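Trainee: Have a look at this one.
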Amino acid sequence: MRRPLSHRLLGLAGRLAVALVVAFILLPAVVVTLSAFNDKAIMSFPPTGYSLRWFARAFSYKDFATGFRNGLIITAFASTLALLVGTGFAFALDRYSFRGKRTLEAILVSPLVIPHFTIGLGFLILAAQIQAARTFALVIATHVVLVLPFVMRSVYVSLRNLDARLEQAAASLGARPGRALVTVTLPLLLPGLVSGWLFAAILSFNEFTASLFVTAQATQTLPVAMYNYVREYADPTLAALSVVYIVVTATLLTIANRFLGLGKVLNVEHAR
Amino acid sequence: MPAERIPPGSDAPAAAAARRIGVQIDGVTKRFGAFTALHEAWLKIEQGTFMTLLGPSGCGKTTLLNLLAGFLEADGGEIFVDGQLMTETPPYAREIGVVFQNYALFPHMNVARNVGYGLAARGVPKREIAQRVDEMLALVKLADFGHRKPKELSGGQQQRVALARALVIRPKLLLLDEPFSALDKNLRGSMQVEIKEIQRRLGVTTIFVTHDQSEALSMSDRIAVMSAGRIRQVGTPDEIYRRPTDRFVAAFVGDVNVLPARLERRQGDQASVLVGGVRAQVPAETIEGLAPGAAVDLFVRPDALAIGEAGGGVPGTIAAHVYQGSHVDMVVDCPAAAGGRLLVRVPGTEAPGLWPVGRVVGIGPTAGGVAFPPEAA
Ligand SMILES: Nc1ncnc2c1ncn2[C@@H]1O[C@H](COP(=O)(O)OP(=O)(O)OP(=O)(O)O)[C@@H](O)[C@H]1O
Ligand SMILES: [Mg+2]
């Protein structure tokens, strides 16, 4: 049976609306990508001729190279530390009820509410007190605080989805707590742990506002280096770098999703 | 009093002493905050017995299983399995196999590794694990399924894996928590037969939890009926069905009619009551202390009632016929009965012809029932 005309028109309008929204979301990425291939030394849209020279410059500019290396170091330490701390807290929040549980939860997610520059400024003032203002440790500590809520959320959701009876089953079959943890709990938690780490890594690597406060010339991360660059030059190098950013992040996420099924981790649901 | 509620210190009958006690629950109490989920439960189960915990939702069945398995700690009382005190024993050292309601199979392991999990945890050599897993999978008729993941199995197959996983460790006690609730009706029937058969062959002491009274009656060696955190009666299915010692048990297990009656006379452990002028035999123990002439409630099964001409027995009006194949259930409007209705089960298929809907009839007991003092209303 054919649906009435009004329904079909509505369906068409709906599809059009969705297409527009999607286009709007993708627009900046498309504009930047196209500008990256511009052969002129200005960022204009649409480009008049095409070249790869800005990619070459992006890869050869020394501050970007050190920023990239610093970013990797800081990201690796910060997201790993956040994963360890966040997993511990997520376990405590999921498994035990204790006084002040709500308060603890609120404090742990507070970096979502407190502006990044406040956190950056706070750490900078503290670090200056103990002569640690130019260290990697300071940047790493700041990033741990910033990404902790995301890691905790990810692990906590996986823990909620984990059926407590699986651990009871392991125990009833003779597995001591350590064995049950290694053979049942951790393998089932793995997608949550990895995706938590991954989100933390992406956030930490891209973080700008707080990093601007706590980094020094020797410890500056890639976004800070980019900011410093754009204050001096107006050529499309940054656009080229953005394209590299997008491609690398998308590739990482696709690989992770293929092997871990991130969809499972992003919301609380029961398989059965 | 059923033999299982043995107060501490009393002697068990000689016959029972010959078989060893598999499980002994001595006055176990469990509280959740101010709420008492289990009030001083006493229960003795002989080795090899298939014992069913039967009771409505929320009566504490799962709580009792969790206490046995060691997932919960009791607030009082003691539990012995094969004569060993369990109180200080952690779950992993209890040697109790558990089949969970949702099966709780490890989703990241295949069937063979699920079944072998308990053996691996005990450090059994790989070769022996493989062999024992194969034997067990053959027993539950899943010989070729070892490499499958749990989610690639049907509900019934998952359940058999869960059973195999619990049995392969040769547990001292097997706990089954409503294992059939997720299965459709046909599969449920065949799994009931299969589980009972496997249990008998292995001779493992089993505690089975259900709130389905027909399942309890058909599968069990013995039944413990629970309500509101208390064990009400323990006995064989026939004792529970024919000689309930408690109003709750009489009403919960099987279909039952409740009719007002008068105590006529007491003779030893039997008594007779009169209902609508018709006499019925009942056990005396449930109406101790009542004098002849006292009002009682007669609990009588649908197959222990007969329909006769108006004038004899309790008056009623035929309201409906429900054809059941080998018998017919007659629904009778009866103002005197509790709920205003009676259910009468008549063998054969002639009853609807004899007693059409709308006919005024007299209902009387043919076999005995059980009488209880009227509820203090
Ligand atoms: N962890 C808990 N905290 C508080 N109350 C609980 C807890 N576990 C169980 N209860 C309560 O104890 C009572 C018995 O629960 P239990 O799970 O043993 O019931 P059940 O007989 O297994 O019921 P069902 O047939 O629905 O599974 C219920 O009233 C329940 O609400
Ligand atoms: Mg239950």
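Convention: chains lettered A, B, ... in structure tokens order; per-chain residue numbering from 1; ligands numbered from 1 as shown.
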Excluding region 14-30 of chain A and its own-chain neighbours fewer than 3 positions away, which residues fall within 10 Å of it when counting only C-alpha atoms? Please give them as a list in words.
Mentor: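 Surrounding residues, per the criterion: Arg8, Leu9, Leu10, Gly11, Thr33, Leu34, Ser35, Ala36, Ala239, Ser242, Val243 and Ile246 of chain A.
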Trainee: Any chance you could export the current selection's all heavy atoms as a CSV table (one decimal), in the first residue's frame?
Mentor:
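Dumped to out22.csv:
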```csv
chain,number,residue,atom,x,y,z
A,8,ARG,N,4.8,11.2,2.4
A,8,ARG,CA,6.0,11.2,1.6
A,8,ARG,C,6.7,12.5,1.6
A,8,ARG,O,7.9,12.6,1.7
A,8,ARG,CB,5.7,10.7,0.2
A,8,ARG,CG,5.7,9.2,0.1
A,8,ARG,CD,5.4,8.8,-1.3
A,8,ARG,NE,4.0,9.0,-1.7
A,8,ARG,CZ,3.5,9.3,-2.9
A,8,ARG,NH1,4.4,9.4,-3.9
A,8,ARG,NH2,2.2,9.5,-3.1
A,9,LEU,N,6.0,13.6,1.5
A,9,LEU,CA,6.6,14.9,1.6
A,9,LEU,C,7.3,15.2,2.9
A,9,LEU,O,8.4,15.7,2.9
A,9,LEU,CB,5.5,16.0,1.4
A,9,LEU,CG,5.1,16.2,-0.1
A,9,LEU,CD1,4.0,17.3,-0.2
A,9,LEU,CD2,6.3,16.6,-0.9
A,10,LEU,N,6.6,14.8,4.0
A,10,LEU,CA,7.2,14.9,5.3
A,10,LEU,C,8.5,14.1,5.4
A,10,LEU,O,9.6,14.6,5.9
A,10,LEU,CB,6.3,14.4,6.4
A,10,LEU,CG,5.4,15.4,7.1
A,10,LEU,CD1,4.6,14.8,8.2
A,10,LEU,CD2,6.3,16.5,7.7
A,11,GLY,N,8.5,12.9,4.8
A,11,GLY,CA,9.7,12.1,4.8
A,11,GLY,C,10.8,12.8,4.1
A,11,GLY,O,12.0,12.8,4.5
A,33,THR,N,40.1,21.5,4.7
A,33,THR,CA,40.8,20.6,3.9
A,33,THR,C,41.1,21.1,2.5
A,33,THR,O,42.2,21.0,2.0
A,33,THR,CB,39.9,19.3,3.8
A,33,THR,OG1,39.6,18.8,5.1
A,33,THR,CG2,40.7,18.2,3.0
A,34,LEU,N,40.1,21.8,1.9
A,34,LEU,CA,40.3,22.4,0.6
A,34,LEU,C,41.4,23.5,0.7
A,34,LEU,O,42.3,23.5,-0.2
A,34,LEU,CB,39.0,22.9,0.0
A,34,LEU,CG,38.0,21.8,-0.3
A,34,LEU,CD1,36.7,22.4,-0.9
A,34,LEU,CD2,38.7,20.9,-1.4
A,35,SER,N,41.4,24.3,1.7
A,35,SER,CA,42.4,25.4,1.8
A,35,SER,C,43.8,24.9,1.9
A,35,SER,O,44.8,25.5,1.5
A,35,SER,CB,42.1,26.3,3.0
A,35,SER,OG,40.8,26.4,3.3
A,36,ALA,N,43.9,23.7,2.5
A,36,ALA,CA,45.2,23.1,2.8
A,36,ALA,C,46.0,22.9,1.5
A,36,ALA,O,47.2,22.8,1.4
A,36,ALA,CB,45.1,21.8,3.5
A,239,ALA,N,46.2,24.7,8.0
A,239,ALA,CA,45.2,23.9,7.4
A,239,ALA,C,45.7,22.5,7.0
A,239,ALA,O,45.0,21.5,7.2
A,239,ALA,CB,44.6,24.6,6.1
A,242,SER,N,45.9,20.5,10.0
A,242,SER,CA,44.6,20.0,10.4
A,242,SER,C,44.1,18.8,9.7
A,242,SER,O,43.5,17.9,10.3
A,242,SER,CB,43.5,21.1,10.2
A,242,SER,OG,43.9,22.3,10.8
A,243,VAL,N,44.4,18.8,8.4
A,243,VAL,CA,44.1,17.6,7.6
A,243,VAL,C,44.8,16.3,8.1
A,243,VAL,O,44.1,15.3,8.3
A,243,VAL,CB,44.4,17.8,6.1
A,243,VAL,CG1,44.2,16.5,5.3
A,243,VAL,CG2,43.6,18.9,5.6
A,246,ILE,N,43.0,15.2,11.3
A,246,ILE,CA,41.7,14.6,11.1
A,246,ILE,C,41.9,13.1,10.6
A,246,ILE,O,41.4,12.2,11.1
A,246,ILE,CB,40.9,15.4,10.1
A,246,ILE,CG1,40.5,16.7,10.7
A,246,ILE,CG2,39.6,14.6,9.7
A,246,ILE,CD1,39.8,17.6,9.7
```
Trainee: What residues in chain B lie within 9 Å of chain A, counting only C-alpha atoms, written as a PyMOL selection string?
Mentor: chain B and resi 69-71+90-100+102-108+117-122+165-166+169
Trainee: Kindly provide the residues of chain B that approach ligand 1 to within 7 Å, each paired with its closest atom pair and their distance in Å to one decimal, based on only C-alpha atoms and all ligand atoms, listed by chain and increasing number, as CSV.
Mentor:
```
residue,atom,partner,partner_atom_place_in_ligand_line,distance
B:Phe32,CA,ligand 1,4 (C),4.8
B:Ala37,CA,ligand 1,12 (O),4.5
B:Gly55,CA,ligand 1,21 (O),6.5
B:Pro56,CA,ligand 1,25 (O),5.9
B:Ser57,CA,ligand 1,25 (O),3.5
B:Gly58,CA,ligand 1,19 (O),3.4
B:Cys59,CA,ligand 1,21 (O),3.9
B:Gly60,CA,ligand 1,18 (O),3.1
B:Lys61,CA,ligand 1,21 (O),3.7
B:Thr62,CA,ligand 1,22 (O),3.6
B:Thr63,CA,ligand 1,18 (O),3.6
B:Leu64,CA,ligand 1,18 (O),6.4
B:Thr210,CA,ligand 1,25 (O),6.9
B:His211,CA,ligand 1,25 (O),6.0
B:Gly229,CA,ligand 1,14 (C),6.9
```
Trainee: For ligand 2, which residue among B:Val23, B:Ala34, B:Val209, B:Ala336 is the nearest when counting only C-alpha atoms and all ligand atoms?
Mentor: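 Using only C-alpha atoms and all ligand atoms, the shortest distance to ligand 2 belongs to B:Val209.
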Trainee: DSSP says alpha helix (DSSP H) for which residues of region 94-270 of chain A? Put them as JSON, numbers by chain?
Mentor: {"A": [94, 95, 101, 102, 103, 104, 105, 106, 107, 108, 109, 116, 117, 118, 119, 120, 121, 122, 123, 124, 125, 126, 127, 128, 129, 136, 137, 138, 139, 140, 141, 142, 143, 144, 145, 146, 147, 148, 149, 150, 151, 152, 153, 154, 155, 156, 157, 158, 159, 160, 161, 164, 165, 166, 167, 168, 169, 170, 171, 172, 177, 178, 179, 180, 186, 187, 188, 189, 190, 191, 192, 193, 194, 195, 196, 197, 198, 199, 200, 201, 202, 203, 204, 205, 206, 209, 210, 211, 212, 213, 214, 222, 223, 224, 225, 226, 227, 228, 229, 230, 231, 232, 237, 238, 239, 240, 241, 242, 243, 244, 245, 246, 247, 248, 249, 250, 251, 252, 253, 254, 255, 256, 257, 258, 259, 260, 263, 264, 265, 266]}
Trainee: Go ahead and save the residues from that selection, with C-alpha atoms, as a compact mmCIF listing (two decimals), in the first residue's frame.
Mentor:
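So the final result, stored in part_22.txt, reads:
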```txt
# COMPACT_ATOMS: atom_id res chain seq x y z
CA ASP A 94 30.56 0.74 41.41
CA ARG A 95 31.27 -1.87 44.05
CA LYS A 101 30.13 8.69 47.65
CA ARG A 102 28.00 11.32 45.90
CA THR A 103 30.45 14.07 46.80
CA LEU A 104 33.39 12.08 45.51
CA GLU A 105 31.55 11.44 42.27
CA ALA A 106 30.82 15.14 41.91
CA ILE A 107 34.42 16.13 42.55
CA LEU A 108 35.74 13.59 40.06
CA VAL A 109 33.57 14.93 37.26
CA HIS A 116 40.10 24.65 31.43
CA PHE A 117 41.85 27.98 31.84
CA THR A 118 40.97 27.97 35.53
CA ILE A 119 42.54 24.57 35.95
CA GLY A 120 45.58 25.60 33.92
CA LEU A 121 46.01 28.82 35.87
CA GLY A 122 45.58 27.01 39.18
CA PHE A 123 48.23 24.45 38.37
CA LEU A 124 50.57 27.17 37.11
CA ILE A 125 50.31 29.12 40.36
CA LEU A 126 50.84 25.97 42.42
CA ALA A 127 53.79 24.85 40.29
CA ALA A 128 55.43 28.26 40.58
CA GLN A 129 55.32 27.84 44.37
CA PHE A 136 56.66 17.95 31.94
CA ALA A 137 55.30 16.75 35.28
CA LEU A 138 53.20 19.90 35.53
CA VAL A 139 51.67 19.45 32.08
CA ILE A 140 51.02 15.79 32.73
CA ALA A 141 49.38 16.47 36.10
CA THR A 142 47.11 19.07 34.49
CA HIS A 143 46.10 16.70 31.72
CA VAL A 144 45.39 13.86 34.15
CA VAL A 145 42.87 16.06 35.93
CA LEU A 146 41.29 17.15 32.64
CA VAL A 147 40.80 13.68 31.16
CA LEU A 148 39.98 11.81 34.37
CA PRO A 149 36.19 12.28 34.10
CA PHE A 150 36.16 10.75 30.63
CA VAL A 151 38.22 7.73 31.62
CA MET A 152 36.13 7.17 34.72
CA ARG A 153 32.91 7.43 32.81
CA SER A 154 34.08 4.89 30.25
CA VAL A 155 35.30 2.35 32.82
CA TYR A 156 32.28 2.91 35.06
CA VAL A 157 29.87 2.20 32.20
CA SER A 158 31.70 -1.04 31.38
CA LEU A 159 31.59 -2.04 35.03
CA ARG A 160 27.86 -1.38 35.17
CA ASN A 161 27.37 -3.52 32.09
CA ALA A 164 28.07 -9.42 38.86
CA ARG A 165 26.91 -13.01 38.54
CA LEU A 166 29.79 -13.74 36.15
CA GLU A 167 32.22 -13.11 39.00
CA GLN A 168 30.05 -15.17 41.34
CA ALA A 169 30.01 -17.98 38.78
CA ALA A 170 33.82 -17.87 38.60
CA ALA A 171 34.04 -18.00 42.40
CA SER A 172 31.59 -20.90 42.68
CA PRO A 177 39.46 -13.47 43.55
CA GLY A 178 42.75 -12.78 41.73
CA ARG A 179 42.10 -15.47 39.16
CA ALA A 180 38.52 -14.31 38.61
CA LEU A 186 39.51 -7.68 33.14
CA PRO A 187 38.93 -9.37 29.75
CA LEU A 188 35.32 -8.25 29.81
CA LEU A 189 36.37 -4.76 30.89
CA LEU A 190 39.07 -4.47 28.22
CA PRO A 191 37.04 -2.60 25.58
CA GLY A 192 36.05 -0.05 28.22
CA LEU A 193 39.63 0.34 29.43
CA VAL A 194 41.05 0.74 25.93
CA SER A 195 38.40 3.14 24.74
CA GLY A 196 38.73 5.13 27.95
CA TRP A 197 42.45 5.36 27.35
CA LEU A 198 41.90 6.28 23.71
CA PHE A 199 39.46 9.09 24.43
CA ALA A 200 41.77 10.39 27.12
CA ALA A 201 44.67 10.30 24.66
CA ILE A 202 42.76 12.19 21.97
CA LEU A 203 41.56 14.82 24.43
CA SER A 204 44.99 15.25 25.98
CA PHE A 205 46.74 15.47 22.62
CA ASN A 206 44.30 18.14 21.38
CA THR A 209 43.42 26.14 26.78
CA ALA A 210 44.97 24.71 29.94
CA SER A 211 48.11 23.69 28.07
CA LEU A 212 48.69 27.31 27.06
CA PHE A 213 49.11 28.16 30.76
CA VAL A 214 51.21 25.25 31.91
CA LEU A 222 51.32 20.71 19.17
CA PRO A 223 48.16 22.85 19.65
CA VAL A 224 50.20 25.44 21.53
CA ALA A 225 52.85 25.39 18.81
CA MET A 226 50.10 25.89 16.23
CA TYR A 227 48.73 28.83 18.16
CA ASN A 228 52.16 30.43 18.28
CA TYR A 229 52.55 29.81 14.55
CA VAL A 230 49.28 31.44 13.59
CA ARG A 231 50.24 34.56 15.52
CA GLU A 232 53.20 34.99 13.15
CA THR A 237 50.31 25.35 6.87
CA LEU A 238 47.85 25.06 9.74
CA ALA A 239 45.16 23.88 7.37
CA ALA A 240 47.49 21.17 6.10
CA LEU A 241 48.28 20.17 9.67
CA SER A 242 44.56 20.03 10.44
CA VAL A 243 44.05 17.58 7.60
CA VAL A 244 46.79 15.35 9.00
CA TYR A 245 45.14 15.58 12.44
CA ILE A 246 41.73 14.56 11.12
CA VAL A 247 43.07 11.67 9.05
CA VAL A 248 45.20 10.25 11.87
CA THR A 249 42.44 10.52 14.51
CA ALA A 250 39.81 9.00 12.23
CA THR A 251 42.13 6.13 11.33
CA LEU A 252 42.88 5.41 15.00
CA LEU A 253 39.20 5.44 15.93
CA THR A 254 38.24 3.22 13.01
CA ILE A 255 40.88 0.65 13.95
CA ALA A 256 39.83 0.77 17.60
CA ASN A 257 36.20 0.37 16.69
CA ARG A 258 36.93 -2.57 14.41
CA PHE A 259 38.74 -4.45 17.15
CA LEU A 260 36.90 -3.34 20.26
CA GLY A 263 29.58 1.29 20.44
CA LYS A 264 29.21 -1.15 23.30
CA VAL A 265 31.11 1.09 25.65
CA LEU A 266 29.47 4.38 24.88
```
Trainee: What separation in Å, quoted to one decimal, exists between CA of Val256 (chain B) and CA of Glu309 (chain B)?
Mentor: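 Distance between the two atoms: 22.3 Å.
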Trainee: Restricting the calculation to only C-alpha atoms and all ligand atoms: of B:Gly325, B:Pro179, B:Gly362, B:Gly123, which residue gets closest to ligand 2?
Mentor: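 When distances to ligand 2 are compared using only C-alpha atoms and all ligand atoms, the smallest one comes from B:Pro179.
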Trainee: Just asking: which residues within region 174-269 of chain B are strand (DSSP E) according to DSSP, as a PyMOL selection string?
Mentor: chain B and resi 174-177+205-210+222-227+230-235+257-267
